[in-house]
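Peer 1: my_file30.cif is reproduced below (mmCIF, C-alpha atoms, pLDDT in the B column; chains and numbers go by the auth columns).
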data_work
loop_
_atom_site.group_PDB
_atom_site.id
_atom_site.type_symbol
_atom_site.label_atom_id
_atom_site.label_comp_id
_atom_site.label_asym_id
_atom_site.label_seq_id
_atom_site.Cartn_x
_atom_site.Cartn_y
_atom_site.Cartn_z
_atom_site.B_iso_or_equiv
_atom_site.auth_seq_id
_atom_site.auth_asym_id
ATOM 1 C CA MET A 1 0.000 0.000 0.000 41.00 24 Z
ATOM 2 C CA THR A 2 1.479 3.309 -1.021 41.00 25 Z
ATOM 3 C CA ARG A 3 1.074 6.046 1.522 43.00 26 Z
ATOM 4 C CA GLY A 4 1.015 9.721 0.702 45.00 27 Z
ATOM 5 C CA LEU A 5 -1.673 12.332 0.448 40.00 28 Z
ATOM 6 C CA GLY A 6 -4.881 11.350 2.164 50.00 29 Z
ATOM 7 C CA GLY A 7 -5.544 7.859 3.497 57.00 30 Z
ATOM 8 C CA ALA A 8 -2.668 6.726 5.659 69.00 31 Z
ATOM 9 C CA ALA A 9 -0.519 9.829 5.270 78.00 32 Z
ATOM 10 C CA PRO A 10 1.605 10.512 8.369 77.00 33 Z
ATOM 11 C CA ALA A 11 -0.458 13.537 9.365 81.00 34 Z
ATOM 12 C CA ASN A 12 -3.634 11.479 9.134 86.00 35 Z
ATOM 13 C CA VAL A 13 -2.155 8.700 11.248 92.00 36 Z
ATOM 14 C CA GLN A 14 -1.203 11.187 13.966 92.00 37 Z
ATOM 15 C CA ASN A 15 -4.629 12.818 13.731 94.00 38 Z
ATOM 16 C CA TYR A 16 -6.269 9.529 14.719 96.00 39 Z
ATOM 17 C CA LEU A 17 -3.832 9.105 17.634 97.00 40 Z
ATOM 18 C CA LYS A 18 -4.920 12.309 19.385 96.00 41 Z
ATOM 19 C CA GLY A 19 -5.304 11.640 23.083 96.00 42 Z
ATOM 20 C CA ALA A 20 -2.807 8.763 23.142 97.00 43 Z
ATOM 21 C CA HIS A 21 -0.782 8.639 26.352 96.00 44 Z
ATOM 22 C CA TYR A 22 2.878 7.688 25.976 97.00 45 Z
ATOM 23 C CA PRO A 23 4.664 5.426 26.576 98.00 46 Z
ATOM 24 C CA THR A 24 2.088 3.084 25.100 98.00 47 Z
ATOM 25 C CA GLY A 25 1.741 -0.231 23.333 98.00 48 Z
ATOM 26 C CA LYS A 26 0.620 -0.945 19.798 97.00 49 Z
ATOM 27 C CA GLY A 27 -2.702 -2.318 21.033 97.00 50 Z
ATOM 28 C CA ASP A 28 -3.439 0.913 22.874 98.00 51 Z
ATOM 29 C CA LEU A 29 -2.586 2.938 19.764 98.00 52 Z
ATOM 30 C CA VAL A 30 -5.023 0.835 17.742 98.00 53 Z
ATOM 31 C CA ALA A 31 -7.699 1.306 20.416 98.00 54 Z
ATOM 32 C CA THR A 32 -7.113 5.080 20.470 98.00 55 Z
ATOM 33 C CA ALA A 33 -7.318 5.262 16.687 97.00 56 Z
ATOM 34 C CA ARG A 34 -10.560 3.262 16.675 98.00 57 Z
ATOM 35 C CA SER A 35 -12.074 5.524 19.339 98.00 58 Z
ATOM 36 C CA ASN A 36 -11.124 8.505 17.152 97.00 59 Z
ATOM 37 C CA GLY A 37 -12.993 7.004 14.192 97.00 60 Z
ATOM 38 C CA ALA A 38 -9.979 5.801 12.202 96.00 61 Z
ATOM 39 C CA PRO A 39 -10.788 3.989 8.959 95.00 62 Z
ATOM 40 C CA LYS A 40 -9.688 0.412 8.320 94.00 63 Z
ATOM 41 C CA GLU A 41 -6.619 1.584 6.357 92.00 64 Z
ATOM 42 C CA ILE A 42 -5.218 3.461 9.384 94.00 65 Z
ATOM 43 C CA ILE A 43 -5.906 0.534 11.722 95.00 66 Z
ATOM 44 C CA GLU A 44 -4.062 -1.799 9.337 94.00 67 Z
ATOM 45 C CA VAL A 45 -1.066 0.553 9.237 93.00 68 Z
ATOM 46 C CA LEU A 46 -0.891 0.688 13.028 95.00 69 Z
ATOM 47 C CA GLU A 47 -1.256 -3.081 13.355 96.00 70 Z
ATOM 48 C CA SER A 48 1.599 -3.615 10.895 95.00 71 Z
ATOM 49 C CA LEU A 49 4.119 -1.446 12.789 95.00 72 Z
ATOM 50 C CA SER A 50 7.218 -3.437 13.722 91.00 73 Z
ATOM 51 C CA GLN A 51 7.452 -2.177 17.312 94.00 74 Z
ATOM 52 C CA ASP A 52 5.141 -3.169 20.145 96.00 75 Z
ATOM 53 C CA GLU A 53 5.963 -0.256 22.480 98.00 76 Z
ATOM 54 C CA PHE A 54 6.296 3.446 21.699 98.00 77 Z
ATOM 55 C CA GLY A 55 7.781 6.191 23.865 97.00 78 Z
ATOM 56 C CA GLY A 56 6.137 8.988 21.915 97.00 79 Z
ATOM 57 C CA PRO A 57 4.616 10.048 18.616 95.00 80 Z
ATOM 58 C CA GLN A 58 8.086 10.363 17.080 95.00 81 Z
ATOM 59 C CA GLU A 59 8.658 6.634 17.585 96.00 82 Z
ATOM 60 C CA VAL A 60 5.329 5.884 15.924 95.00 83 Z
ATOM 61 C CA MET A 61 6.321 7.961 12.894 93.00 84 Z
ATOM 62 C CA LYS A 62 9.753 6.336 12.771 93.00 85 Z
ATOM 63 C CA ALA A 63 8.154 2.871 12.671 94.00 86 Z
ATOM 64 C CA TYR A 64 5.689 4.170 10.079 91.00 87 Z
ATOM 65 C CA GLY A 65 8.590 5.394 7.935 90.00 88 Z
ATOM 66 C CA GLN A 66 10.208 1.978 8.156 90.00 89 Z
ATOM 67 C CA LEU A 67 7.064 0.453 6.634 86.00 90 Z
ATOM 68 C CA ASP A 68 7.514 2.672 3.589 71.00 91 Z
ATOM 69 C CA GLU A 69 11.220 1.714 3.341 69.00 92 Z
ATOM 70 C CA GLU A 70 10.328 -1.994 3.394 66.00 93 Z
ATOM 71 C CA GLU A 71 7.842 -1.477 0.561 62.00 94 Z
ATOM 72 C CA ARG A 72 10.511 0.222 -1.572 44.00 95 Z
ATOM 73 C CA LYS A 73 13.111 -2.548 -1.150 56.00 96 Z
ATOM 74 C CA PRO A 74 13.600 -4.627 -4.286 53.00 97 Z
ATOM 75 C CA SER A 75 12.313 -8.200 -3.982 51.00 98 Z
#
Here is a file; write its structure as structure tokens.
Peer 2:
Amino acid sequence: MTRGLGGAAPANVQNYLKGAHYPTGKGDLVATARSNGAPKEIIEVLESLSQDEFGGPQEVMKAYGQLDEEERKPS
């Protein structure tokens, strides 16, 4: 899944994480996103993050960026 404008863009991901208390686990991020009305695409992005624990929103975005890097790697 290509991420960019709209959908699962980084700003949109963070928008659905408003109210998250850090440090937090991936499951809590997913729950926060759901309670903020996140669409399925955002939930899938959060569930696919490689880390299970996050110290702050910067760590979430770093893990998010790593998803994009993995997609760009040649097979």
Peer 1: Please, what distance in Å, to one decimal, runs between CA of Gln81 in chain Z and CA of Arg57 in chain Z?
Peer 2: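 Separating CA of Gln81 in chain Z from CA of Arg57 in chain Z is a distance of 20.0 Å.
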Peer 1: So, counting only C-alpha atoms, which residue among Z:Gln89, Z:Pro46, Z:Thr55, Z:Lys63 is closest to Asp75 in chain Z?
Peer 2: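 Among the listed residues, Z:Pro46 lies closest to Asp75 in chain Z.
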Peer 1: CA of Leu72 in chain Z to CA of Gly42 in chain Z: how many Å, to one decimal?
Peer 2: 19.1 Å
Peer 1: Would you please work out which residue, of Z:Leu52, Z:Ala34, Z:Val68, Z:His44, is nearest to Asp91 in chain Z when using all atoms listed in the file?
Peer 2: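 Checking each of Z:Leu52, Z:Ala34, Z:Val68, Z:His44 against Asp91 in chain Z, counting all atoms listed in the file, the winner is Z:Val68.
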Peer 1: For a quick check of understanding, using all atoms listed in the file, which of Z:Tyr87, Z:Pro80, Z:Gln74, Z:Pro62 has the smallest distance to Lys41 in chain Z?
Peer 2: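 Using all atoms listed in the file, Lys41 in chain Z sits closest to Z:Pro80.
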Peer 1: With 5 Å added on each side, what axis-aligned box encloses every listed atom of range 37-47 of chain Z? Give the centre and edge lengths in Å to one decimal, as JSON.
Peer 2:
{"center_x": -0.8, "center_y": 8.0, "center_z": 20.2, "size_x": 20.9, "size_y": 19.7, "size_z": 22.8}
Peer 1: All heavy atoms are what I want for range 50-61 of chain Z; can you complete it accordingly and write them as an mmCIF file, in the frame of the given file?
Peer 2:
data_model
loop_
_atom_site.group_PDB
_atom_site.id
_atom_site.type_symbol
_atom_site.label_atom_id
_atom_site.label_comp_id
_atom_site.auth_asym_id
_atom_site.auth_seq_id
_atom_site.Cartn_x
_atom_site.Cartn_y
_atom_site.Cartn_z
ATOM 1 N N GLY Z 50 -1.272 -2.057 20.824
ATOM 2 C CA GLY Z 50 -2.702 -2.318 21.033
ATOM 3 C C GLY Z 50 -3.449 -1.086 21.520
ATOM 4 O O GLY Z 50 -4.579 -0.824 21.104
ATOM 5 N N ASP Z 51 -2.809 -0.313 22.395
ATOM 6 C CA ASP Z 51 -3.439 0.913 22.874
ATOM 7 C C ASP Z 51 -3.534 1.960 21.770
ATOM 8 O O ASP Z 51 -4.510 2.710 21.701
ATOM 9 C CB ASP Z 51 -2.673 1.482 24.076
ATOM 10 C CG ASP Z 51 -2.854 0.634 25.323
ATOM 11 O OD1 ASP Z 51 -3.887 -0.057 25.440
ATOM 12 O OD2 ASP Z 51 -1.954 0.668 26.189
ATOM 13 N N LEU Z 52 -2.516 2.010 20.900
ATOM 14 C CA LEU Z 52 -2.586 2.938 19.764
ATOM 15 C C LEU Z 52 -3.757 2.577 18.850
ATOM 16 O O LEU Z 52 -4.494 3.456 18.395
ATOM 17 C CB LEU Z 52 -1.286 2.912 18.960
ATOM 18 C CG LEU Z 52 -0.063 3.541 19.609
ATOM 19 C CD1 LEU Z 52 1.144 3.392 18.686
ATOM 20 C CD2 LEU Z 52 -0.301 5.003 19.943
ATOM 21 N N VAL Z 53 -3.917 1.293 18.592
ATOM 22 C CA VAL Z 53 -5.023 0.835 17.742
ATOM 23 C C VAL Z 53 -6.355 1.201 18.392
ATOM 24 O O VAL Z 53 -7.266 1.711 17.736
ATOM 25 C CB VAL Z 53 -4.917 -0.682 17.469
ATOM 26 C CG1 VAL Z 53 -6.179 -1.218 16.817
ATOM 27 C CG2 VAL Z 53 -3.691 -0.974 16.601
ATOM 28 N N ALA Z 54 -6.457 0.977 19.708
ATOM 29 C CA ALA Z 54 -7.699 1.306 20.416
ATOM 30 C C ALA Z 54 -7.981 2.805 20.371
ATOM 31 O O ALA Z 54 -9.130 3.220 20.166
ATOM 32 C CB ALA Z 54 -7.617 0.818 21.863
ATOM 33 N N THR Z 55 -6.941 3.626 20.540
ATOM 34 C CA THR Z 55 -7.113 5.080 20.470
ATOM 35 C C THR Z 55 -7.575 5.491 19.083
ATOM 36 O O THR Z 55 -8.503 6.297 18.931
ATOM 37 C CB THR Z 55 -5.797 5.802 20.831
ATOM 38 O OG1 THR Z 55 -5.451 5.480 22.179
ATOM 39 C CG2 THR Z 55 -5.931 7.307 20.688
ATOM 40 N N ALA Z 56 -6.939 4.930 18.056
ATOM 41 C CA ALA Z 56 -7.318 5.262 16.687
ATOM 42 C C ALA Z 56 -8.772 4.871 16.417
ATOM 43 O O ALA Z 56 -9.522 5.641 15.812
ATOM 44 C CB ALA Z 56 -6.377 4.572 15.700
ATOM 45 N N ARG Z 57 -9.164 3.695 16.876
ATOM 46 C CA ARG Z 57 -10.560 3.262 16.675
ATOM 47 C C ARG Z 57 -11.523 4.214 17.371
ATOM 48 O O ARG Z 57 -12.560 4.568 16.814
ATOM 49 C CB ARG Z 57 -10.745 1.841 17.205
ATOM 50 C CG ARG Z 57 -10.230 0.799 16.266
ATOM 51 C CD ARG Z 57 -10.666 -0.601 16.667
ATOM 52 N NE ARG Z 57 -10.235 -1.544 15.656
ATOM 53 C CZ ARG Z 57 -9.483 -2.605 15.890
ATOM 54 N NH1 ARG Z 57 -9.075 -2.896 17.116
ATOM 55 N NH2 ARG Z 57 -9.139 -3.394 14.905
ATOM 56 N N SER Z 58 -11.175 4.625 18.605
ATOM 57 C CA SER Z 58 -12.074 5.524 19.339
ATOM 58 C C SER Z 58 -12.141 6.901 18.689
ATOM 59 O O SER Z 58 -13.112 7.628 18.894
ATOM 60 C CB SER Z 58 -11.649 5.635 20.806
ATOM 61 O OG SER Z 58 -10.455 6.378 20.940
ATOM 62 N N ASN Z 59 -11.125 7.240 17.889
ATOM 63 C CA ASN Z 59 -11.124 8.505 17.152
ATOM 64 C C ASN Z 59 -11.715 8.366 15.755
ATOM 65 O O ASN Z 59 -11.608 9.282 14.942
ATOM 66 C CB ASN Z 59 -9.696 9.064 17.061
ATOM 67 C CG ASN Z 59 -9.227 9.638 18.387
ATOM 68 O OD1 ASN Z 59 -10.019 10.143 19.165
ATOM 69 N ND2 ASN Z 59 -7.932 9.576 18.643
ATOM 70 N N GLY Z 60 -12.310 7.202 15.465
ATOM 71 C CA GLY Z 60 -12.993 7.004 14.192
ATOM 72 C C GLY Z 60 -12.095 6.687 13.016
ATOM 73 O O GLY Z 60 -12.462 6.943 11.870
ATOM 74 N N ALA Z 61 -10.920 6.116 13.284
ATOM 75 C CA ALA Z 61 -9.979 5.801 12.202
ATOM 76 C C ALA Z 61 -10.561 4.772 11.240
ATOM 77 O O ALA Z 61 -11.183 3.800 11.665
ATOM 78 C CB ALA Z 61 -8.672 5.273 12.780
#
